[in-house]
file run-v2.cif (mmCIF, C-alpha atoms and all ligand atoms)
data_protein
#
loop_
_atom_site.label_atom_id
_atom_site.label_comp_id
_atom_site.auth_asym_id
_atom_site.auth_seq_id
_atom_site.Cartn_x
_atom_site.Cartn_y
_atom_site.Cartn_z
CA MET A 259 -2.89 -105.39 72.76
CA THR A 260 -4.38 -108.74 71.80
CA ALA A 261 -6.56 -110.41 74.39
CA ARG A 262 -5.06 -113.33 76.30
CA ILE A 263 -8.42 -114.07 77.80
CA LEU A 264 -11.89 -113.74 76.25
CA VAL A 265 -14.82 -113.55 78.65
CA VAL A 266 -18.26 -114.51 77.37
CA ALA A 267 -21.67 -113.22 78.51
CA GLY A 268 -24.97 -113.91 76.80
CA ALA A 269 -28.03 -113.70 78.99
CA ARG A 270 -29.26 -111.79 82.01
CA PRO A 271 -27.88 -114.04 84.75
CA ASN A 272 -24.40 -113.95 83.15
CA PHE A 273 -23.86 -110.22 83.50
CA MET A 274 -23.49 -110.08 87.29
CA LYS A 275 -21.11 -113.07 87.08
CA VAL A 276 -18.74 -111.62 84.47
CA ALA A 277 -18.53 -108.19 86.17
CA PRO A 278 -16.19 -109.33 89.02
CA VAL A 279 -14.11 -111.47 86.64
CA LEU A 280 -13.58 -108.48 84.34
CA ALA A 281 -12.71 -106.28 87.32
CA ALA A 282 -10.13 -108.79 88.57
CA LEU A 283 -8.58 -109.12 85.09
CA THR A 284 -8.32 -105.33 84.84
CA GLY A 285 -6.93 -105.14 88.37
CA ARG A 286 -4.16 -107.62 87.49
CA GLY A 287 -3.36 -105.89 84.18
CA VAL A 288 -4.28 -108.90 82.03
CA ALA A 289 -5.20 -108.18 78.39
CA HIS A 290 -8.74 -109.42 77.92
CA GLY A 291 -11.84 -108.95 75.80
CA LEU A 292 -15.58 -109.23 76.37
CA VAL A 293 -17.93 -111.05 73.99
CA HIS A 294 -21.71 -110.53 74.27
CA THR A 295 -23.53 -113.22 72.33
CA GLY A 296 -26.80 -111.26 72.24
CA GLN A 297 -28.89 -114.17 73.61
CA HIS A 298 -30.65 -111.47 75.63
CA TYR A 299 -31.00 -108.20 73.79
CA ASP A 300 -33.84 -106.07 75.25
CA ASP A 301 -32.89 -103.00 77.23
CA ALA A 302 -34.53 -104.53 80.31
CA MET A 303 -32.84 -107.93 79.90
CA SER A 304 -29.37 -106.73 78.89
CA ASP A 305 -28.44 -103.04 78.51
CA ALA A 306 -29.91 -102.05 81.89
CA PHE A 307 -27.55 -104.57 83.50
CA PHE A 308 -24.49 -103.18 81.74
CA ARG A 309 -25.44 -99.75 83.12
CA ASP A 310 -26.22 -100.88 86.68
CA LEU A 311 -23.13 -103.08 86.92
CA ALA A 312 -20.90 -100.53 85.16
CA ILE A 313 -19.60 -103.15 82.70
CA ARG A 314 -17.78 -101.65 79.75
CA ALA A 315 -19.23 -102.08 76.25
CA PRO A 316 -18.50 -105.54 74.77
CA ASP A 317 -15.66 -105.78 72.25
CA TRP A 318 -17.78 -108.15 70.15
CA HIS A 319 -21.56 -108.32 69.98
CA LEU A 320 -22.72 -111.45 68.17
CA GLY A 321 -26.38 -110.40 67.98
CA VAL A 322 -27.83 -113.93 67.96
CA GLY A 323 -31.22 -113.11 69.54
CA SER A 324 -34.03 -115.54 70.37
CA ALA A 325 -34.66 -118.82 68.57
CA SER A 326 -35.15 -122.52 69.36
CA HIS A 327 -32.40 -124.05 71.49
CA ALA A 328 -30.71 -125.65 68.49
CA VAL A 329 -30.83 -122.57 66.32
CA GLN A 330 -29.73 -120.22 69.12
CA THR A 331 -26.84 -122.50 70.08
CA ALA A 332 -25.82 -122.92 66.44
CA ARG A 333 -25.88 -119.17 65.78
CA VAL A 334 -23.67 -118.50 68.80
CA MET A 335 -21.26 -121.21 67.67
CA GLU A 336 -20.94 -119.88 64.11
CA ALA A 337 -20.37 -116.31 65.20
CA PHE A 338 -18.07 -117.14 68.13
CA GLU A 339 -15.88 -119.39 65.99
CA ARG A 340 -15.05 -116.41 63.77
CA VAL A 341 -14.00 -114.37 66.83
CA LEU A 342 -11.83 -117.18 68.19
CA VAL A 343 -10.17 -117.92 64.86
CA SER A 344 -9.14 -114.29 64.46
CA GLU A 345 -8.22 -113.64 68.13
CA ARG A 346 -6.71 -116.97 69.22
CA PRO A 347 -6.82 -116.20 72.97
CA GLU A 348 -5.13 -118.47 75.49
CA TRP A 349 -8.30 -118.79 77.53
CA VAL A 350 -12.06 -118.52 77.05
CA VAL A 351 -13.96 -117.87 80.28
CA VAL A 352 -17.61 -118.93 80.32
CA VAL A 353 -19.98 -118.45 83.26
CA GLY A 354 -23.20 -120.10 84.44
CA ASP A 355 -25.42 -122.44 82.48
CA VAL A 356 -27.21 -120.66 79.64
CA ASN A 357 -27.16 -121.74 76.01
CA SER A 358 -24.39 -119.24 75.21
CA THR A 359 -22.18 -120.87 77.89
CA LEU A 360 -22.29 -124.29 76.28
CA ALA A 361 -22.15 -122.97 72.71
CA CYS A 362 -18.93 -121.02 73.32
CA ALA A 363 -17.31 -123.84 75.30
CA LEU A 364 -18.03 -126.25 72.48
CA VAL A 365 -16.44 -123.98 69.88
CA ALA A 366 -13.34 -123.36 72.01
CA ALA A 367 -12.93 -127.07 72.79
CA LYS A 368 -12.44 -127.87 69.10
CA LEU A 369 -9.88 -125.18 68.33
CA PRO A 370 -6.29 -126.07 69.18
CA GLY A 371 -4.38 -124.08 71.79
CA ILE A 372 -7.38 -122.55 73.59
CA ARG A 373 -8.26 -123.50 77.14
CA ILE A 374 -11.67 -123.07 78.75
CA ALA A 375 -12.40 -121.94 82.30
CA HIS A 376 -15.93 -122.44 83.60
CA VAL A 377 -16.96 -120.12 86.40
CA GLU A 378 -19.80 -121.66 88.48
CA ALA A 379 -18.79 -125.21 87.61
CA GLY A 380 -20.16 -128.32 89.25
CA LEU A 381 -23.73 -127.29 90.09
CA ARG A 382 -26.21 -130.11 89.49
CA SER A 383 -29.97 -130.25 89.92
CA GLY A 384 -30.15 -133.88 88.82
CA ASP A 385 -33.06 -132.82 86.61
CA TRP A 386 -32.07 -133.68 83.07
CA THR A 387 -35.25 -132.07 81.67
CA MET A 388 -33.81 -128.63 82.49
CA PRO A 389 -31.91 -127.12 79.54
CA GLU A 390 -29.54 -125.57 82.09
CA GLU A 391 -28.62 -129.01 83.50
CA VAL A 392 -27.60 -130.20 80.03
CA ASN A 393 -25.58 -127.01 79.59
CA ARG A 394 -23.87 -127.43 82.98
CA VAL A 395 -22.84 -131.05 82.56
CA LEU A 396 -21.52 -130.60 79.02
CA THR A 397 -19.73 -127.33 79.74
CA ASP A 398 -17.95 -128.90 82.70
CA ARG A 399 -16.97 -131.90 80.61
CA LEU A 400 -15.43 -129.56 77.99
CA SER A 401 -13.64 -127.19 80.37
CA HIS A 402 -9.99 -127.43 81.38
CA LEU A 403 -10.44 -125.47 84.61
CA LEU A 404 -13.53 -125.85 86.77
CA LEU A 405 -14.07 -122.96 89.17
CA THR A 406 -16.62 -123.99 91.77
CA PRO A 407 -18.93 -121.70 93.78
CA SER A 408 -19.48 -124.07 96.73
CA ARG A 409 -17.91 -127.21 98.18
CA ASP A 410 -20.74 -129.52 97.08
CA ALA A 411 -19.93 -128.65 93.45
CA GLU A 412 -16.49 -130.27 93.77
CA GLN A 413 -18.11 -133.50 95.01
CA ASN A 414 -20.51 -133.47 92.06
CA LEU A 415 -17.62 -133.15 89.60
CA MET A 416 -15.55 -135.89 91.20
CA ARG A 417 -18.58 -138.19 91.20
CA GLU A 418 -18.66 -137.69 87.41
CA GLY A 419 -15.06 -138.83 87.15
CA ILE A 420 -13.50 -135.40 86.65
CA ASP A 421 -9.92 -135.26 87.88
CA ARG A 422 -9.40 -133.15 90.97
CA SER A 423 -6.48 -131.35 89.30
CA ARG A 424 -8.97 -129.53 87.03
CA ILE A 425 -11.05 -128.21 89.96
CA ARG A 426 -10.45 -125.04 92.01
CA PHE A 427 -12.75 -123.63 94.66
CA ALA A 428 -13.42 -119.97 93.79
CA GLY A 429 -16.61 -119.11 95.67
CA ASN A 430 -19.62 -117.29 94.33
CA VAL A 431 -18.86 -114.49 91.86
CA MET A 432 -22.49 -113.35 91.85
CA ILE A 433 -22.12 -112.45 95.51
CA ASP A 434 -19.07 -110.27 94.70
CA THR A 435 -21.44 -108.14 92.67
CA LEU A 436 -24.14 -108.16 95.35
CA LEU A 437 -21.78 -107.03 98.11
CA ARG A 438 -20.27 -104.34 95.88
CA LEU A 439 -23.61 -102.88 94.89
CA LEU A 440 -25.77 -103.37 97.99
CA PRO A 441 -24.84 -99.94 99.42
CA ARG A 442 -25.77 -98.32 96.11
CA ALA A 443 -29.06 -100.24 95.91
CA ARG A 444 -29.88 -99.15 99.48
CA ALA A 445 -28.97 -95.54 98.78
CA ARG A 446 -31.26 -95.57 95.79
CA GLY A 447 -34.06 -96.90 98.01
CA LEU A 448 -37.49 -98.24 97.19
CA PRO A 449 -40.05 -96.59 94.96
CA GLU A 450 -42.18 -94.25 97.10
CA SER A 451 -45.29 -96.35 96.53
CA LEU A 452 -43.65 -99.31 98.28
CA ALA A 453 -42.31 -97.51 101.32
CA PRO A 454 -45.37 -98.22 103.53
CA ASP A 455 -45.03 -101.94 102.78
CA ARG A 456 -41.31 -102.16 103.61
CA ASP A 457 -40.43 -105.57 105.14
CA ARG A 458 -43.96 -106.77 104.43
CA PHE A 459 -44.20 -107.32 100.68
CA VAL A 460 -43.43 -110.45 98.64
CA VAL A 461 -41.25 -110.37 95.48
CA ALA A 462 -42.00 -113.17 93.03
CA THR A 463 -40.33 -114.18 89.77
CA VAL A 464 -41.12 -117.14 87.53
CA HIS A 465 -39.69 -117.94 84.10
CA ARG A 466 -38.51 -121.58 83.94
CA PRO A 467 -40.04 -123.46 81.00
CA SER A 468 -41.18 -126.21 83.43
CA ASN A 469 -43.27 -123.65 85.34
CA VAL A 470 -44.51 -121.32 82.63
CA ASP A 471 -44.84 -123.42 79.47
CA HIS A 472 -47.71 -125.52 80.89
CA ALA A 473 -51.03 -123.76 81.47
CA GLU A 474 -51.96 -125.80 84.56
CA ARG A 475 -48.69 -125.27 86.40
CA LEU A 476 -48.62 -121.57 85.60
CA GLN A 477 -52.22 -121.24 86.75
CA VAL A 478 -51.45 -122.91 90.12
CA ILE A 479 -48.54 -120.53 90.70
CA LEU A 480 -50.51 -117.39 89.77
CA ARG A 481 -53.49 -118.47 91.91
CA ALA A 482 -51.22 -119.05 94.90
CA LEU A 483 -49.62 -115.63 94.46
CA GLY A 484 -53.14 -114.16 94.21
CA GLU A 485 -54.07 -115.77 97.56
CA LEU A 486 -50.93 -114.41 99.19
CA ALA A 487 -51.87 -111.01 97.80
CA GLY A 488 -54.90 -111.10 100.13
CA GLU A 489 -52.44 -110.69 103.01
CA ARG A 490 -49.38 -109.02 101.54
CA ARG A 491 -48.58 -106.95 98.53
CA VAL A 492 -47.11 -109.30 95.88
CA LEU A 493 -44.75 -107.80 93.30
CA LEU A 494 -44.30 -109.77 90.09
CA PRO A 495 -41.67 -108.47 87.64
CA LEU A 496 -42.50 -110.43 84.50
CA HIS A 497 -39.95 -112.13 82.27
CA PRO A 498 -40.92 -111.75 78.57
CA ARG A 499 -41.41 -115.52 78.22
CA THR A 500 -43.84 -115.59 81.17
CA LEU A 501 -45.81 -112.63 79.86
CA SER A 502 -46.24 -114.23 76.47
CA ARG A 503 -47.38 -117.55 78.02
CA ILE A 504 -49.91 -115.77 80.28
CA ARG A 505 -51.41 -114.14 77.18
CA GLU A 506 -51.34 -117.37 75.19
CA PHE A 507 -53.15 -119.31 77.97
CA GLY A 508 -55.63 -116.46 78.68
CA LEU A 509 -54.50 -116.17 82.32
CA GLN A 510 -54.49 -112.35 82.47
CA PRO A 511 -57.39 -112.25 85.01
CA LEU A 512 -55.12 -114.00 87.55
CA LEU A 513 -52.81 -110.98 87.49
CA GLU A 514 -55.45 -108.59 88.81
CA ARG A 515 -54.51 -108.90 92.49
CA LEU A 516 -50.79 -108.74 91.80
CA ASP A 517 -48.46 -105.77 91.44
CA VAL A 518 -47.18 -106.69 87.96
CA ARG A 519 -44.04 -104.94 86.72
CA GLU A 520 -41.60 -104.90 83.84
CA PRO A 521 -38.41 -106.97 84.39
CA CYS A 522 -36.33 -105.11 87.00
CA GLY A 523 -32.82 -103.79 86.61
CA TYR A 524 -30.11 -105.17 88.91
CA LEU A 525 -30.13 -102.40 91.53
CA GLU A 526 -33.90 -102.28 91.65
CA MET A 527 -34.16 -106.05 92.15
CA LEU A 528 -31.51 -105.96 94.85
CA ALA A 529 -33.35 -103.17 96.68
CA LEU A 530 -36.64 -105.07 96.39
CA GLN A 531 -35.19 -108.34 97.72
CA ASP A 532 -33.40 -106.51 100.52
CA ALA A 533 -36.67 -104.96 101.73
CA ALA A 534 -38.95 -107.97 101.14
CA ALA A 535 -40.53 -110.27 103.70
CA LEU A 536 -40.23 -113.15 101.24
CA VAL A 537 -38.83 -114.00 97.82
CA VAL A 538 -40.79 -116.58 95.78
CA THR A 539 -38.86 -117.69 92.70
CA ASP A 540 -37.66 -120.31 90.27
CA SER A 541 -34.45 -118.36 89.54
CA GLY A 542 -31.07 -119.72 90.60
CA GLY A 543 -29.64 -116.26 91.18
CA LEU A 544 -32.41 -115.12 93.50
CA GLN A 545 -31.99 -118.23 95.66
CA GLU A 546 -28.36 -117.21 96.18
CA GLU A 547 -28.95 -113.49 96.61
CA SER A 548 -31.76 -113.93 99.16
CA THR A 549 -29.54 -116.30 101.16
CA VAL A 550 -26.83 -113.65 101.47
CA LEU A 551 -29.36 -110.89 102.17
CA GLY A 552 -30.85 -113.11 104.91
CA VAL A 553 -34.35 -112.91 103.41
CA PRO A 554 -36.55 -116.05 103.38
CA CYS A 555 -36.91 -117.60 99.94
CA LEU A 556 -39.43 -120.14 98.66
CA THR A 557 -38.26 -121.89 95.50
CA LEU A 558 -40.86 -123.06 93.00
CA ARG A 559 -38.93 -126.13 91.89
CA GLU A 560 -38.65 -129.81 92.72
CA SER A 561 -34.87 -129.66 93.16
CA THR A 562 -32.15 -127.08 93.28
CA GLU A 563 -28.59 -127.13 91.93
CA ARG A 564 -27.79 -124.77 94.80
CA PRO A 565 -28.42 -126.99 97.86
CA VAL A 566 -26.26 -124.84 100.16
CA THR A 567 -28.97 -122.17 99.95
CA VAL A 568 -31.24 -124.70 101.70
CA SER A 569 -28.77 -126.39 104.08
CA GLU A 570 -27.01 -123.17 105.14
CA GLY A 571 -29.09 -120.34 103.71
CA THR A 572 -32.65 -119.08 103.89
CA ASN A 573 -34.11 -121.10 101.01
CA THR A 574 -36.85 -123.78 101.09
CA LEU A 575 -38.23 -125.83 98.22
CA VAL A 576 -41.98 -125.81 97.74
CA PRO A 577 -43.73 -129.17 98.42
CA TRP A 578 -43.85 -131.05 95.12
CA PRO A 579 -45.92 -131.19 92.99
CA PRO A 580 -46.99 -127.62 93.73
CA THR A 581 -50.58 -126.89 94.69
CA VAL A 582 -52.18 -123.56 95.53
CA ASP A 583 -52.49 -124.47 99.23
CA GLY A 584 -49.02 -126.01 99.35
CA ILE A 585 -47.42 -122.84 98.04
CA VAL A 586 -49.44 -120.54 100.29
CA VAL A 587 -48.75 -122.56 103.46
CA ALA A 588 -45.03 -122.85 102.66
CA ALA A 589 -44.86 -119.11 101.96
CA ILE A 590 -46.49 -118.23 105.28
CA GLN A 591 -44.18 -120.61 107.16
CA ALA A 592 -41.12 -119.12 105.44
CA MET A 593 -42.21 -115.59 106.38
CA ARG A 594 -42.74 -116.68 110.00
CA ARG A 595 -39.16 -117.90 110.16
CA GLY A 596 -38.17 -114.31 109.38
CA ARG A 597 -34.94 -112.70 108.32
CA VAL A 598 -31.34 -113.09 109.47
CA PRO A 599 -28.69 -110.34 109.18
CA VAL A 600 -26.92 -109.81 105.84
CA GLY A 601 -24.14 -112.38 105.43
CA ALA A 602 -25.13 -114.44 108.50
CA ALA A 603 -26.29 -117.37 106.35
CA ALA A 604 -23.67 -116.97 103.59
CA PRO A 605 -21.83 -120.17 102.62
CA GLU A 606 -18.01 -120.35 102.46
CA GLY A 607 -16.52 -118.24 99.68
CA TRP A 608 -19.60 -116.06 99.21
CA ASP A 609 -17.52 -113.18 100.47
CA GLY A 610 -16.88 -110.68 97.68
CA ARG A 611 -13.48 -112.13 96.59
CA ALA A 612 -14.56 -114.94 94.25
CA GLY A 613 -13.73 -113.07 91.02
CA GLU A 614 -10.17 -112.51 92.25
CA ARG A 615 -9.76 -116.16 93.24
CA ALA A 616 -11.14 -117.28 89.87
CA VAL A 617 -8.74 -115.07 87.92
CA ASP A 618 -5.77 -116.04 90.11
CA ALA A 619 -6.57 -119.72 89.48
CA ILE A 620 -6.65 -119.12 85.72
CA LEU A 621 -3.37 -117.21 85.75
CA ALA A 622 -1.71 -119.95 87.83
CA SER A 623 -2.87 -122.75 85.49
C1 LIG A 701 -32.39 -117.95 79.67
C2 LIG A 701 -31.58 -119.08 80.28
C3 LIG A 701 -31.99 -119.30 81.72
C4 LIG A 701 -31.93 -118.01 82.52
C5 LIG A 701 -32.78 -116.97 81.81
C6 LIG A 701 -32.78 -115.63 82.54
C7 LIG A 701 -31.00 -120.86 78.65
C8 LIG A 701 -31.29 -122.24 78.24
N1 LIG A 701 -31.83 -120.35 79.59
O1 LIG A 701 -33.75 -118.39 79.61
O2 LIG A 701 -31.11 -120.24 82.32
O3 LIG A 701 -32.42 -118.23 83.82
O4 LIG A 701 -32.25 -116.80 80.49
O5 LIG A 701 -33.63 -114.74 81.95
O6 LIG A 701 -30.07 -120.26 78.16
N2 LIG A 701 -36.85 -112.61 75.22
C9 LIG A 701 -37.09 -111.28 75.01
N3 LIG A 701 -36.05 -110.40 75.14
C10 LIG A 701 -34.80 -110.79 75.47
C11 LIG A 701 -34.57 -112.16 75.66
C12 LIG A 701 -35.59 -113.05 75.54
O7 LIG A 701 -38.20 -110.87 74.72
O8 LIG A 701 -33.91 -109.93 75.60
C13 LIG A 701 -37.95 -113.57 75.11
C14 LIG A 701 -38.06 -114.17 73.74
O9 LIG A 701 -39.41 -114.29 73.43
C15 LIG A 701 -37.45 -115.55 73.91
C16 LIG A 701 -37.80 -115.87 75.36
O10 LIG A 701 -37.77 -114.62 76.03
O11 LIG A 701 -37.97 -116.47 73.00
C17 LIG A 701 -36.83 -116.82 76.00
O12 LIG A 701 -35.48 -116.30 75.92
P1 LIG A 701 -34.21 -117.32 75.95
O13 LIG A 701 -32.95 -116.58 76.05
O14 LIG A 701 -34.35 -118.33 74.87
O15 LIG A 701 -34.40 -118.12 77.29
P2 LIG A 701 -34.82 -117.61 78.74
O16 LIG A 701 -36.14 -118.23 79.02
O17 LIG A 701 -34.68 -116.15 78.90
#

call {"tool": "encode", "arguments": {"input": "run-v2.cif", "output": "C-alpha cells", "more": "lines below"}}
Ligand code: UD1
result
Amino acid sequence: MTARILVVAGARPNFMKVAPVLAALTGRGVAHGLVHTGQHYDDAMSDAFFRDLAIRAPDWHLGVGSASHAVQTARVMEAFERVLVSERPEWVVVVGDVNSTLACALVAAKLPGIRIAHVEAGLRSGDWTMPEEVNRVLTDRLSHLLLTPSRDAEQNLMREGIDRSRIRFAGNVMIDTLLRLLPRARARGLPESLAPDRDRFVVATVHRPSNVDHAERLQVILRALGELAGERRVLLPLHPRTLSRIREFGLQPLLERLDVREPCGYLEMLALQDAAALVVTDSGGLQEESTVLGVPCLTLRESTERPVTVSEGTNTLVPWPPTVDGIVVAAIQAMRRGRVPVGAAAPEGWDGRAGERAVDAILAS
C-alpha cells in the first residue's frame, strides 16, 4: 500500500505531536508513512520517546544529525526530496517549529501535486531572533492547510494575510498525548528518592540558544536556581546543548546545589511535572503541559508564542531582562499561587481529540 500521507518528525518536541496524528490515521484506515529526519538521534532525545509514546518504527530514517542551521536544513531537504520523489504522497504533515519542519515543508512546496498540512500552525512569539519563529512563519506561508492549536493562532495567521479557507481549528495535539499517558506516568510514580519532596520540588529545564549560548544569561539562570535550591529541591534535567555550554563557560560550580539529571524520557518528565510545586522552563511544550496539569510555571523568556498558557493557564513570564532576584521572587510568587486541578485551566480544544480533528480536516480538504 503506498502512503497517501507522509508524517514527518525530527526532534524531541515533535514526537509527542505526531503520535496522536499517527493514531488517528491508523484509526481511520488511511495509508500513511512516518519519516524521522534524525535531527535528534540520541537515545535520550529520540529513541526513549518512541518507546514511551509507543510510536512504531519510522519507515524512513534520514539520519541528518547535528550541524549548523543551514547545513542541518539542507541535509534534511536533500534526503527528504528523494523520499518524496519516490513516494509522491498526496499530503505531507509537518508539526511544530523545528528545523526539520521547515526543511520538509520547503521541499514539498516545490514538488507538484503534494499538499502540506502544518499541525500547530499560527503560533507567534514576535521574536524574530528565535530560529523557531522563522520556522513557524515560513512553514505557515508554505502550507496549504493550517491546523491551529488555539484561537489566537487563527488571528495571527489572518493578520499575516492568510486566507481563512486555509485555516482549521484542531486544538492541541500535544495534550492528546498528555491525557493518554498521564495515568501511565502516575502508575509508574516518582523515583523513591523524590517521594519525600512530593509537591515541594521544582523542575527546571533550559535549552534555548538565547538563554544558554551567552555566559552571563546562563549564569544568572543557574544562580537563581541555586538560590531556590536553598528552599526547595531543584531538579535540572540537562539538554546536551546546555551541558556543553556550561562546560565551555566553566559554570560547573553553579550546579553543585542542584539535582542535575540526564534528559528525561516522556513519562518521567510527565510524572515530575505532575508532582512538582513549580516548573521553571524556556520550553514551549512544558508551558502547555504544566497548564493542563494545573502546576504553576515560570517561563524564562521575554515573550511566548503560547499566550493562552498565561491568559488562561498557569504560566507567567519572568520579569525581563532576567536577574537572579527577579527570577527567585517570581518563582516564589508562582508557588504561592499554587496548583489547580488537572484540566481546570485547559484552553479550548486541549481535550485529547486534537489529532482526530486534524486528520479529519486533512481528509475533508
Ligand atoms: C531543537 C529545536 C528546538 C526544540 C529543541 C528540543 C530547532 C531550530 N530547534 O533545538 O525548537 O525546542 O530541539 O530539544 O530545530 N544534540 C545531541 N543529541 C541529540 C540532538 C542534539 O547531543 O540527539 C546536541 C548537539 O550538540 C547539537 C545540539 O544538541 O549541536 C543542538 O541540537 P539541535 O537539534 O541543533 O537544536 P536543539 O537546541 O536541540

call {"tool": "atom_distance", "arguments": {"input": "run-v2.cif", "atom1": "CA of Val538 in chain A", "atom2": "CA of Val266 in chain A"}}
result
29.2 Å

call {"tool": "closest_residue", "arguments": {"input": "run-v2.cif", "among": "A:Gly607, A:Gly380, A:Pro580, A:Gly542", "to": "ligand LIG 701 (chain A)", "atoms": "all atoms listed in the file"}}
result
A:Gly542

call {"tool": "residues_near_point", "arguments": {"input": "run-v2.cif", "point": "(-38.1, -114.0, 89.3)", "cutoff": "7 Å", "atoms": "all atoms listed in the file", "output": "list of chain:residue names"}}
result
A:Ala462, A:Thr463, A:Val464, A:His465, A:Pro495, A:Thr539, A:Asp540, A:Ser541

call {"tool": "residues_near_ligand", "arguments": {"input": "run-v2.cif", "ligand": "ligand LIG 701 (chain A)", "cutoff": "7 Å", "atoms": "all atoms listed in the file", "output": "list of chain:residue names"}}
result
A:Ala269, A:Arg270, A:Pro271, A:Gln297, A:His298, A:Tyr299, A:Asp300, A:Met303, A:Ser304, A:Ser324, A:Ala325, A:Ser326, A:His327, A:Asp355, A:Val356, A:Asn357, A:Ser358, A:Pro389, A:Glu390, A:His465, A:Arg466, A:Pro467, A:His497, A:Pro498, A:Arg499, A:Ser541

call {"tool": "residues_around", "arguments": {"input": "run-v2.cif", "residues": "Asn573 in chain A", "least_positions_apart": "3", "cutoff": "6 Å", "atoms": "only C-alpha atoms", "output": "PyMOL selection string"}}
result
chain A and resi 555-556+567-568

call {"tool": "closest_residue", "arguments": {"input": "run-v2.cif", "among": "A:Pro577, A:Ser561, A:Val600, A:Val586", "to": "Trp386 in chain A", "atoms": "all atoms listed in the file"}}
result
A:Ser561

call {"tool": "closest_residue", "arguments": {"input": "run-v2.cif", "among": "A:Leu483, A:Met335, A:Leu448, A:Ile433", "to": "Gly584 in chain A", "atoms": "only C-alpha atoms"}}
result
A:Leu483

call {"tool": "atom_distance", "arguments": {"input": "run-v2.cif", "atom1": "CA of Arg595 in chain A", "atom2": "CA of Glu526 in chain A"}}
result
24.8 Å

call {"tool": "closest_residue", "arguments": {"input": "run-v2.cif", "among": "A:Arg491, A:Arg262, A:Arg515, A:Arg394", "to": "Asn414 in chain A", "atoms": "all atoms listed in the file"}}
result
A:Arg394

call {"tool": "atom_distance", "arguments": {"input": "run-v2.cif", "atom1": "CA of Val377 in chain A", "atom2": "CA of Asp434 in chain A"}}
result
13.1 Å

call {"tool": "residues_around", "arguments": {"input": "run-v2.cif", "residues": "Ser569 in chain A", "least_positions_apart": "4", "cutoff": "10 Å", "atoms": "all atoms listed in the file", "output": "list in words"}}
result
Arg564, Pro565, Asn573, Thr574, Ala603 and Pro605 of chain A

call {"tool": "closest_residue", "arguments": {"input": "run-v2.cif", "among": "A:Gly285, A:Val341, A:Gly429, A:Thr562", "to": "Asp385 in chain A", "atoms": "all atoms listed in the file"}}
result
A:Thr562

call {"tool": "residues_around", "arguments": {"input": "run-v2.cif", "residues": "Ser401 in chain A", "least_positions_apart": "2", "cutoff": "6 Å", "atoms": "all atoms listed in the file", "output": "MDAnalysis selection string"}}
result
chainID A and resid 374:375 398:399 403

call {"tool": "closest_residue", "arguments": {"input": "run-v2.cif", "among": "A:Cys522, A:Thr284, A:Ile620, A:Leu551", "to": "Asp301 in chain A", "atoms": "all atoms listed in the file"}}
result
A:Cys522

call {"tool": "build_atoms", "arguments": {"input": "run-v2.cif", "residues": "range 297-307 of chain A", "atoms": "N, CA, C and O atoms", "output": "mmCIF file, in the frame of the given file"}}
result
data_model
loop_
_atom_site.group_PDB
_atom_site.id
_atom_site.type_symbol
_atom_site.label_atom_id
_atom_site.label_comp_id
_atom_site.auth_asym_id
_atom_site.auth_seq_id
_atom_site.Cartn_x
_atom_site.Cartn_y
_atom_site.Cartn_z
ATOM 1 N N GLN A 297 -27.752 -113.283 73.283
ATOM 2 C CA GLN A 297 -28.890 -114.170 73.610
ATOM 3 C C GLN A 297 -30.028 -113.351 74.229
ATOM 4 O O GLN A 297 -31.193 -113.537 73.902
ATOM 5 N N HIS A 298 -29.678 -112.463 75.144
ATOM 6 C CA HIS A 298 -30.650 -111.470 75.630
ATOM 7 C C HIS A 298 -30.263 -110.126 75.027
ATOM 8 O O HIS A 298 -29.084 -109.784 74.935
ATOM 9 N N TYR A 299 -31.262 -109.368 74.621
ATOM 10 C CA TYR A 299 -31.000 -108.200 73.790
ATOM 11 C C TYR A 299 -31.870 -106.992 74.159
ATOM 12 O O TYR A 299 -31.563 -105.870 73.811
ATOM 13 N N ASP A 300 -32.987 -107.206 74.871
ATOM 14 C CA ASP A 300 -33.840 -106.070 75.250
ATOM 15 C C ASP A 300 -33.087 -105.155 76.214
ATOM 16 O O ASP A 300 -32.232 -105.632 76.967
ATOM 17 N N ASP A 301 -33.493 -103.905 76.253
ATOM 18 C CA ASP A 301 -32.890 -103.000 77.230
ATOM 19 C C ASP A 301 -33.048 -103.576 78.643
ATOM 20 O O ASP A 301 -32.106 -103.645 79.414
ATOM 21 N N ALA A 302 -34.263 -104.056 78.949
ATOM 22 C CA ALA A 302 -34.530 -104.530 80.310
ATOM 23 C C ALA A 302 -33.791 -105.824 80.648
ATOM 24 O O ALA A 302 -33.528 -106.101 81.812
ATOM 25 N N MET A 303 -33.480 -106.630 79.644
ATOM 26 C CA MET A 303 -32.840 -107.930 79.900
ATOM 27 C C MET A 303 -31.318 -107.863 79.759
ATOM 28 O O MET A 303 -30.617 -108.795 80.142
ATOM 29 N N SER A 304 -30.815 -106.778 79.143
ATOM 30 C CA SER A 304 -29.370 -106.730 78.890
ATOM 31 C C SER A 304 -28.766 -105.362 79.183
ATOM 32 O O SER A 304 -27.997 -105.200 80.132
ATOM 33 N N ASP A 305 -29.129 -104.336 78.399
ATOM 34 C CA ASP A 305 -28.440 -103.040 78.510
ATOM 35 C C ASP A 305 -28.539 -102.449 79.918
ATOM 36 O O ASP A 305 -27.571 -101.877 80.431
ATOM 37 N N ALA A 306 -29.725 -102.607 80.542
ATOM 38 C CA ALA A 306 -29.910 -102.050 81.890
ATOM 39 C C ALA A 306 -28.893 -102.652 82.855
ATOM 40 O O ALA A 306 -28.438 -101.983 83.785
ATOM 41 N N PHE A 307 -28.517 -103.914 82.619
ATOM 42 C CA PHE A 307 -27.550 -104.570 83.500
ATOM 43 C C PHE A 307 -26.141 -104.032 83.275
ATOM 44 O O PHE A 307 -25.380 -103.854 84.220
#
